[in-house]
file data-v9.tsv (TSV, C-alpha atoms and all ligand atoms)
chain	number	residue	atom	x	y	z
A	1	MET	CA	3.35	12.99	-0.60
A	2	ILE	CA	-0.27	12.66	0.32
A	3	HIS	CA	-3.04	13.98	-1.96
A	4	PRO	CA	-3.18	17.77	-1.54
A	5	HIS	CA	-6.91	17.79	-0.76
A	6	THR	CA	-6.35	16.47	2.76
A	7	GLU	CA	-5.83	17.84	6.25
A	8	LEU	CA	-4.67	16.59	9.64
A	9	ARG	CA	-7.28	16.35	12.39
A	10	ARG	CA	-7.12	15.27	16.02
A	11	ILE	CA	-9.49	12.31	16.48
A	12	ASP	CA	-9.21	11.35	20.14
A	13	PRO	CA	-6.54	10.55	22.74
A	14	VAL	CA	-6.44	6.84	21.77
A	15	LEU	CA	-6.23	7.14	17.98
A	16	GLY	CA	-4.39	10.47	18.04
A	17	TYR	CA	-4.43	12.13	14.63
A	18	GLY	CA	-5.93	11.14	11.29
A	19	VAL	CA	-5.96	12.47	7.74
A	20	PHE	CA	-9.25	13.70	6.27
A	21	ALA	CA	-10.36	14.66	2.76
A	22	THR	CA	-11.09	18.35	2.27
A	23	ASP	CA	-12.61	17.79	-1.17
A	24	PHE	CA	-14.11	14.95	-3.20
A	25	ILE	CA	-11.44	12.39	-4.17
A	26	PRO	CA	-12.80	9.95	-6.75
A	27	LYS	CA	-12.03	6.25	-6.93
A	28	GLY	CA	-8.91	5.69	-9.07
A	29	THR	CA	-7.07	8.76	-7.71
A	30	ILE	CA	-3.48	8.35	-6.55
A	31	THR	CA	-3.68	9.28	-2.86
A	32	PHE	CA	-0.01	8.79	-1.96
A	33	ALA	CA	3.23	8.60	-3.93
A	34	LYS	CA	6.73	8.54	-2.49
A	35	ASP	CA	8.69	11.71	-3.15
A	36	PRO	CA	12.33	12.82	-2.75
A	37	PHE	CA	11.73	14.39	0.68
A	38	ASP	CA	10.60	11.12	2.26
A	39	VAL	CA	13.24	9.65	4.57
A	40	GLU	CA	14.65	6.19	3.88
A	41	VAL	CA	15.92	4.16	6.84
A	42	THR	CA	18.03	1.11	5.98
A	43	PRO	CA	17.97	-1.98	8.28
A	44	GLU	CA	21.51	-1.07	9.42
A	45	GLN	CA	20.48	2.48	10.28
A	46	PHE	CA	17.40	1.18	12.10
A	47	ASP	CA	19.41	-1.33	14.16
A	48	ALA	CA	21.81	1.42	15.21
A	49	MET	CA	19.00	3.71	16.47
A	50	SER	CA	18.18	4.39	20.12
A	51	GLU	CA	15.01	2.68	21.41
A	52	LEU	CA	13.20	6.04	21.36
A	53	LEU	CA	13.97	6.65	17.71
A	54	LYS	CA	13.24	3.02	16.80
A	55	ASN	CA	9.78	3.24	18.40
A	56	GLN	CA	8.93	6.46	16.59
A	57	THR	CA	10.27	5.14	13.28
A	58	GLU	CA	8.20	1.94	13.65
A	59	ARG	CA	5.12	3.99	14.43
A	60	TYR	CA	5.37	6.39	11.51
A	61	SER	CA	6.96	4.34	8.73
A	62	TYR	CA	6.11	1.59	6.29
A	63	MET	CA	8.61	-0.91	4.92
A	64	ASP	CA	9.03	-1.21	1.17
A	65	GLU	CA	9.90	-4.29	-0.88
A	66	ARG	CA	13.64	-3.65	-0.34
A	67	GLY	CA	13.22	-3.87	3.44
A	68	ILE	CA	13.79	-0.11	3.78
A	69	ARG	CA	11.56	1.87	6.15
A	70	ILE	CA	10.06	5.00	4.63
A	71	VAL	CA	9.11	7.89	6.90
A	72	SER	CA	6.92	10.36	5.02
A	73	TRP	CA	7.77	13.98	5.62
A	74	ASP	CA	4.14	15.15	5.37
A	75	LEU	CA	0.66	14.14	6.62
A	76	ALA	CA	0.94	10.71	5.00
A	77	LYS	CA	2.50	9.23	8.14
A	78	TYR	CA	-0.72	9.97	10.09
A	79	VAL	CA	-3.02	7.90	7.86
A	80	ASN	CA	-4.77	5.34	10.07
A	81	HIS	CA	-5.49	1.68	9.38
A	82	ARG	CA	-8.97	0.31	8.72
A	83	CYS	CA	-9.72	-3.24	7.65
A	84	ASN	CA	-12.32	-1.74	5.28
A	85	CYS	CA	-10.01	1.07	4.14
A	86	ASN	CA	-10.75	3.48	1.30
A	87	THR	CA	-7.22	3.53	-0.18
A	88	LEU	CA	-4.73	0.71	-0.79
A	89	SER	CA	-1.05	0.33	-1.62
A	90	THR	CA	-0.47	-1.03	-5.12
A	91	GLY	CA	2.31	-3.14	-6.60
A	92	TYR	CA	3.37	0.02	-8.44
A	93	GLY	CA	4.40	1.73	-5.20
A	94	PHE	CA	1.72	4.42	-5.02
A	95	GLU	CA	-1.57	4.21	-3.11
A	96	ILE	CA	-4.91	4.51	-4.84
A	97	ALA	CA	-8.47	5.39	-3.79
A	98	ILE	CA	-10.46	2.14	-4.07
A	99	GLN	CA	-13.76	3.95	-3.59
A	100	ASP	CA	-15.07	7.50	-3.89
A	101	ILE	CA	-13.96	9.56	-0.88
A	102	GLN	CA	-16.27	12.37	0.19
A	103	PRO	CA	-15.17	15.67	1.78
A	104	GLY	CA	-14.79	15.04	5.51
A	105	ASP	CA	-14.13	11.29	5.13
A	106	GLU	CA	-11.07	9.95	6.88
A	107	ILE	CA	-8.40	8.63	4.47
A	108	THR	CA	-7.50	5.12	5.59
A	109	ASP	CA	-5.33	2.29	4.33
A	110	ASP	CA	-4.37	-1.25	5.29
A	111	TYR	CA	-1.19	-1.66	7.34
A	112	GLY	CA	-1.14	-5.30	6.28
A	113	LEU	CA	0.73	-4.09	3.19
A	114	PHE	CA	3.40	-2.31	5.24
A	115	ASN	CA	5.61	-5.31	6.12
A	116	VAL	CA	5.12	-5.07	9.88
A	117	THR	CA	7.69	-7.17	11.73
A	118	GLU	CA	5.54	-7.89	14.82
A	119	PRO	CA	1.79	-8.51	15.19
A	120	MET	CA	-0.08	-5.27	15.91
A	121	THR	CA	-3.36	-5.27	17.86
A	122	LEU	CA	-6.04	-3.16	16.16
A	123	THR	CA	-8.39	-0.69	17.79
A	124	CYS	CA	-10.42	0.03	14.64
A	125	ALA	CA	-13.24	-2.46	15.44
A	126	CYS	CA	-14.57	-2.11	11.91
A	127	PRO	CA	-17.05	-4.63	10.43
A	128	ASN	CA	-15.10	-7.83	9.67
A	129	CYS	CA	-12.17	-6.43	11.66
A	130	ARG	CA	-9.12	-8.69	11.48
A	131	GLY	CA	-8.30	-7.71	15.09
A	132	GLN	CA	-4.58	-7.80	14.39
A	133	ILE	CA	-2.10	-6.81	11.70
A	134	ARG	CA	0.16	-9.78	11.17
A	135	PRO	CA	3.49	-10.05	9.35
A	136	ASP	CA	1.95	-12.64	6.99
A	137	ASP	CA	-1.19	-10.63	6.10
A	138	LEU	CA	0.17	-10.07	2.59
A	139	ASP	CA	0.36	-13.84	2.06
A	140	THR	CA	-3.27	-14.40	3.02
A	141	CYS	CA	-5.10	-11.19	2.07
A	142	TYR	CA	-3.52	-10.42	-1.30
A	143	PRO	CA	-6.31	-11.85	-3.50
A	144	GLU	CA	-8.85	-9.41	-2.04
A	145	TRP	CA	-6.40	-6.48	-2.20
A	146	ASP	CA	-5.45	-7.29	-5.79
A	147	ARG	CA	-9.12	-7.47	-6.73
A	148	LYS	CA	-9.81	-4.03	-5.22
A	149	VAL	CA	-6.71	-2.45	-6.80
A	150	GLN	CA	-7.56	-3.95	-10.20
A	151	ASP	CA	-11.07	-2.56	-9.84
A	152	ALA	CA	-9.71	0.98	-9.26
A	153	LEU	CA	-6.74	1.11	-11.67
A	154	PRO	CA	-8.77	1.44	-14.91
A	155	LEU	CA	-10.26	4.69	-13.58
A	156	MET	CA	-6.81	6.27	-13.21
A	157	LEU	CA	-6.82	7.98	-16.59
A	158	HIS	CA	-10.34	9.35	-16.10
A	159	VAL	CA	-9.84	11.31	-12.88
A	160	THR	CA	-7.68	14.29	-11.88
A	161	GLN	CA	-4.26	13.12	-10.66
A	162	PRO	CA	-2.44	15.84	-8.68
A	163	LEU	CA	0.35	13.37	-7.77
A	164	TRP	CA	0.97	12.02	-11.27
A	165	SER	CA	4.21	14.04	-11.65
A	166	LEU	CA	5.74	12.09	-8.74
A	167	LEU	CA	5.60	8.78	-10.63
A	168	ASP	CA	8.90	7.76	-12.19
A	169	PRO	CA	9.05	6.77	-15.90
A	170	ASP	CA	9.24	3.02	-15.08
A	171	THR	CA	6.10	3.18	-12.95
A	172	ILE	CA	4.22	5.13	-15.63
A	173	GLU	CA	5.29	2.57	-18.22
A	174	GLN	CA	4.13	-0.33	-16.01
A	175	VAL	CA	0.77	1.28	-15.24
A	176	THR	CA	0.03	2.31	-18.81
A	177	GLY	CA	1.19	-1.16	-19.90
A	178	TYR	CA	-1.38	-2.71	-17.56
A	179	LEU	CA	-4.15	-0.39	-18.77
A	180	ALA	CA	-3.37	-1.41	-22.35
A	181	ASP	CA	-3.08	-5.13	-21.55
A	182	ARG	CA	-4.74	-6.34	-18.33
A	183	ARG	CA	-2.54	-9.47	-18.26
A	184	GLN	CA	0.43	-7.31	-17.24
A	185	TYR	CA	-0.87	-6.61	-13.73
A	186	LYS	CA	1.72	-6.16	-10.97
A	187	SER	CA	0.34	-7.81	-7.84
A	188	VAL	CA	0.52	-6.28	-4.36
A	189	THR	CA	2.58	-9.37	-3.45
A	190	THR	CA	5.54	-7.57	-5.06
A	191	LEU	CA	5.46	-5.24	-2.01
A	192	LYS	CA	6.54	-8.08	0.30
A	193	ALA	CA	9.88	-7.12	1.84
A	194	ASN	CA	12.88	-9.07	0.62
A	195	ALA	CA	10.68	-11.72	-0.97
A	196	GLY	CA	13.05	-12.14	-3.90
A	197	PRO	CA	12.08	-12.24	-7.56
A	198	GLN	CA	11.39	-15.99	-7.68
A	199	ILE	CA	8.68	-15.92	-5.01
A	200	ILE	CA	7.12	-12.77	-6.45
A	201	GLU	CA	7.01	-14.24	-9.92
A	202	LEU	CA	5.55	-17.46	-8.58
A	203	ARG	CA	2.81	-15.66	-6.68
A	204	ASP	CA	1.89	-13.82	-9.83
A	205	VAL	CA	1.56	-17.17	-11.52
A	206	MET	CA	-0.65	-18.49	-8.75
A	207	THR	CA	-2.87	-15.38	-8.74
A	208	HIS	CA	-3.25	-14.75	-12.40
A	209	GLN	CA	-3.63	-17.87	-14.51
A	210	THR	CA	-3.37	-16.06	-17.80
A	211	PRO	CA	-1.69	-17.16	-21.04
A	212	HIS	CA	0.92	-14.47	-20.40
A	213	TYR	CA	2.35	-16.46	-17.47
A	214	GLN	CA	1.63	-20.02	-18.42
A	215	ASP	CA	5.07	-20.68	-19.84
A	216	LYS	CA	6.56	-20.19	-16.37
A	217	PRO	CA	6.92	-23.18	-14.02
A	218	LEU	CA	4.74	-23.71	-10.97
A	219	ARG	CA	6.38	-24.99	-7.82
A	220	THR	CA	4.45	-27.20	-5.45
A	221	ALA	CA	5.97	-25.41	-2.41
A	222	ARG	CA	3.62	-22.43	-2.78
A	223	ARG	CA	0.45	-24.28	-3.62
A	224	GLU	CA	-1.12	-23.69	-0.21
A	225	HIS	CA	-2.24	-20.37	-1.71
A	301	ZN	ZN	-10.30	-3.47	11.68
call {"tool": "encode", "arguments": {"input": "data-v9.tsv", "output": "structure tokens", "more": "lines below"}}
Ligand SMILES: [Zn+2]
result
Amino acid sequence: MIHPHTELRRIDPVLGYGVFATDFIPKGTITFAKDPFDVEVTPEQFDAMSELLKNQTERYSYMDERGIRIVSWDLAKYVNHRCNCNTLSTGYGFEIAIQDIQPGDEITDDYGLFNVTEPMTLTCACPNCRGQIRPDDLDTCYPEWDRKVQDALPLMLHVTQPLWSLLDPDTIEQVTGYLADRRQYKSVTTLKANAGPQIIELRDVMTHQTPHYQDKPLRTARREH
């Protein structure tokens, strides 16, 4: 479910629709959290779909770390990509405002965190535009995304959170654990589809050289990061 202080607006024939803030949404606010009405499409269900349904599912879904496509039932599926977006997916599953969002601002996020299976050409033309969403964006862009998420997370307990009730107990425990001990951060790399626990754990080691992780082995195979 997307933050309730949003509305759908028609932008133009190329971009189609977008989601806009109807009220001030401060940095640190959860802007999207999965809820029970969202539709889950397994790889088997996707493969069995007609081309028409596949195209629409690809267009309006994101893929989670299990490799399952999630189609949001509400406005969330109309949120557009910007390379300088104002919200980001987190390793905890929800999305968070990484800057203050003013009434009338478009809510945007980065599709690089959505596990796209094919490169996607961008029309956003934002400053420092990447030009393309690539399946390996998570591997290359995660340090910047982690930095922005870590910058916003500490504000979570200081702003109004209309979507807080959608978080499951495990997620709440992980987030409050991080806020109590910053070494327990869950990187956005954990969103990578079907990455497996070993790779995820290793990336955490590579990103966060803290005493908390130093007893875990480093493998030379991932050192290009
Ligand atoms: Zn761009």
call {"tool": "closest_residue", "arguments": {"input": "data-v9.tsv", "among": "A:Phe20, A:Tyr178, A:Tyr111, A:Tyr142", "to": "ligand ZN 301 (chain A)", "atoms": "all atoms listed in the file"}}
result
A:Tyr111
call {"tool": "residues_near_ligand", "arguments": {"input": "data-v9.tsv", "ligand": "ligand ZN 301 (chain A)", "cutoff": "12 Å", "atoms": "all atoms listed in the file", "output": "PyMOL selection string"}}
result
chain A and resi 80-85+108-112+120-133
call {"tool": "atom_distance", "arguments": {"input": "data-v9.tsv", "atom1": "CA of Pro143 in chain A", "atom2": "CA of Met1 in chain A"}}
result
26.8 Å
call {"tool": "atom_distance", "arguments": {"input": "data-v9.tsv", "atom1": "CA of Gln102 in chain A", "atom2": "CA of Phe24 in chain A"}}
result
4.8 Å
call {"tool": "residues_around", "arguments": {"input": "data-v9.tsv", "residues": "Asn115 in chain A", "least_positions_apart": "2", "cutoff": "7 Å", "atoms": "only C-alpha atoms", "output": "VMD selection string"}}
result
chain A and resid 62 to 63 112 to 113 117 135 192 to 193
call {"tool": "closest_residue", "arguments": {"input": "data-v9.tsv", "among": "A:Met156, A:Val41, A:Ile11, A:Leu75", "to": "Ile25 in chain A", "atoms": "all atoms listed in the file"}}
result
A:Met156
call {"tool": "atom_distance", "arguments": {"input": "data-v9.tsv", "atom1": "CA of Leu166 in chain A", "atom2": "CA of Lys34 in chain A"}}
result
7.3 Å
call {"tool": "closest_residue", "arguments": {"input": "data-v9.tsv", "among": "A:Val79, A:Thr57, A:Tyr185, A:Asp146", "to": "Glu173 in chain A", "atoms": "only C-alpha atoms"}}
result
A:Tyr185
call {"tool": "residues_around", "arguments": {"input": "data-v9.tsv", "residues": "Phe37 in chain A", "least_positions_apart": "6", "cutoff": "9 Å", "atoms": "only C-alpha atoms", "output": "ChimeraX atom specification"}}
result
/A:1,72-74
call {"tool": "residues_around", "arguments": {"input": "data-v9.tsv", "residues": "Ala21 in chain A", "least_positions_apart": "5", "cutoff": "9 Å", "atoms": "all atoms listed in the file", "output": "list in words"}}
result
His3, Pro4, His5, Thr6, Glu7, Ile101, Gln102, Pro103, Gly104, Asp105, Glu106 and Ile107 of chain A
call {"tool": "closest_atom_pairs", "arguments": {"input": "data-v9.tsv", "of": "range 62-134 of chain A", "to": "range 43-50 of chain A", "cutoff": "9 Å", "atoms": "only C-alpha atoms", "output": "tab-separated table"}}
result
residue	atom	partner	partner_atom	distance
A:Gly67	CA	A:Pro43	CA	7.0
A:Ile68	CA	A:Pro43	CA	6.4
A:Arg69	CA	A:Pro43	CA	7.8
call {"tool": "closest_residue", "arguments": {"input": "data-v9.tsv", "among": "A:Thr22, A:Thr90, A:Thr171, A:Asn194", "to": "Leu153 in chain A", "atoms": "all atoms listed in the file"}}
result
A:Thr90
call {"tool": "closest_residue", "arguments": {"input": "data-v9.tsv", "among": "A:Ile2, A:Pro26, A:Arg9, A:Lys186", "to": "Thr160 in chain A", "atoms": "all atoms listed in the file"}}
result
A:Pro26
call {"tool": "closest_residue", "arguments": {"input": "data-v9.tsv", "among": "A:Gly91, A:Pro169, A:Gly177, A:Gly18", "to": "Trp145 in chain A", "atoms": "all atoms listed in the file"}}
result
A:Gly91
call {"tool": "decode", "arguments": {"input": "data-v9.tsv", "residues": "range 42-56 of chain A", "atoms": "N, CA and C atoms", "output": "PDB file, in the first residue's frame"}}
result
ATOM      1  N   THR A  42       4.147 -16.186  -9.054  1.00  0.00           N
ATOM      2  CA  THR A  42       5.339 -17.037  -9.001  1.00  0.00           C
ATOM      3  C   THR A  42       5.947 -17.144 -10.405  1.00  0.00           C
ATOM      4  N   PRO A  43       7.225 -17.544 -10.531  1.00  0.00           N
ATOM      5  CA  PRO A  43       7.820 -17.731 -11.864  1.00  0.00           C
ATOM      6  C   PRO A  43       7.007 -18.713 -12.714  1.00  0.00           C
ATOM      7  N   GLU A  44       6.469 -19.764 -12.103  1.00  0.00           N
ATOM      8  CA  GLU A  44       5.673 -20.747 -12.850  1.00  0.00           C
ATOM      9  C   GLU A  44       4.386 -20.102 -13.383  1.00  0.00           C
ATOM     10  N   GLN A  45       3.737 -19.320 -12.533  1.00  0.00           N
ATOM     11  CA  GLN A  45       2.516 -18.634 -12.979  1.00  0.00           C
ATOM     12  C   GLN A  45       2.835 -17.635 -14.087  1.00  0.00           C
ATOM     13  N   PHE A  46       3.970 -16.939 -13.959  1.00  0.00           N
ATOM     14  CA  PHE A  46       4.349 -15.957 -14.979  1.00  0.00           C
ATOM     15  C   PHE A  46       4.614 -16.648 -16.311  1.00  0.00           C
ATOM     16  N   ASP A  47       5.360 -17.755 -16.280  1.00  0.00           N
ATOM     17  CA  ASP A  47       5.691 -18.474 -17.521  1.00  0.00           C
ATOM     18  C   ASP A  47       4.445 -18.991 -18.232  1.00  0.00           C
ATOM     19  N   ALA A  48       3.403 -19.295 -17.455  1.00  0.00           N
ATOM     20  CA  ALA A  48       2.184 -19.853 -18.040  1.00  0.00           C
ATOM     21  C   ALA A  48       1.237 -18.773 -18.570  1.00  0.00           C
ATOM     22  N   MET A  49       1.585 -17.492 -18.375  1.00  0.00           N
ATOM     23  CA  MET A  49       0.687 -16.401 -18.786  1.00  0.00           C
ATOM     24  C   MET A  49       0.725 -16.173 -20.297  1.00  0.00           C
ATOM     25  N   SER A  50      -0.352 -15.596 -20.821  1.00  0.00           N
ATOM     26  CA  SER A  50      -0.360 -15.146 -22.213  1.00  0.00           C
ATOM     27  C   SER A  50       0.615 -13.972 -22.341  1.00  0.00           C
ATOM     28  N   GLU A  51       1.042 -13.666 -23.565  1.00  0.00           N
ATOM     29  CA  GLU A  51       1.968 -12.548 -23.774  1.00  0.00           C
ATOM     30  C   GLU A  51       1.370 -11.236 -23.271  1.00  0.00           C
ATOM     31  N   LEU A  52       0.077 -11.053 -23.487  1.00  0.00           N
ATOM     32  CA  LEU A  52      -0.593  -9.826 -23.038  1.00  0.00           C
ATOM     33  C   LEU A  52      -0.463  -9.668 -21.527  1.00  0.00           C
ATOM     34  N   LEU A  53      -0.776 -10.714 -20.799  1.00  0.00           N
ATOM     35  CA  LEU A  53      -0.734 -10.642 -19.341  1.00  0.00           C
ATOM     36  C   LEU A  53       0.708 -10.530 -18.836  1.00  0.00           C
ATOM     37  N   LYS A  54       1.633 -11.230 -19.535  1.00  0.00           N
ATOM     38  CA  LYS A  54       3.047 -11.100 -19.165  1.00  0.00           C
ATOM     39  C   LYS A  54       3.521  -9.652 -19.283  1.00  0.00           C
ATOM     40  N   ASN A  55       3.171  -9.014 -20.411  1.00  0.00           N
ATOM     41  CA  ASN A  55       3.618  -7.626 -20.634  1.00  0.00           C
ATOM     42  C   ASN A  55       3.078  -6.699 -19.553  1.00  0.00           C
ATOM     43  N   GLN A  56       1.805  -6.859 -19.221  1.00  0.00           N
ATOM     44  CA  GLN A  56       1.209  -5.988 -18.211  1.00  0.00           C
ATOM     45  C   GLN A  56       1.795  -6.275 -16.821  1.00  0.00           C
TER      46      GLN A  56
END
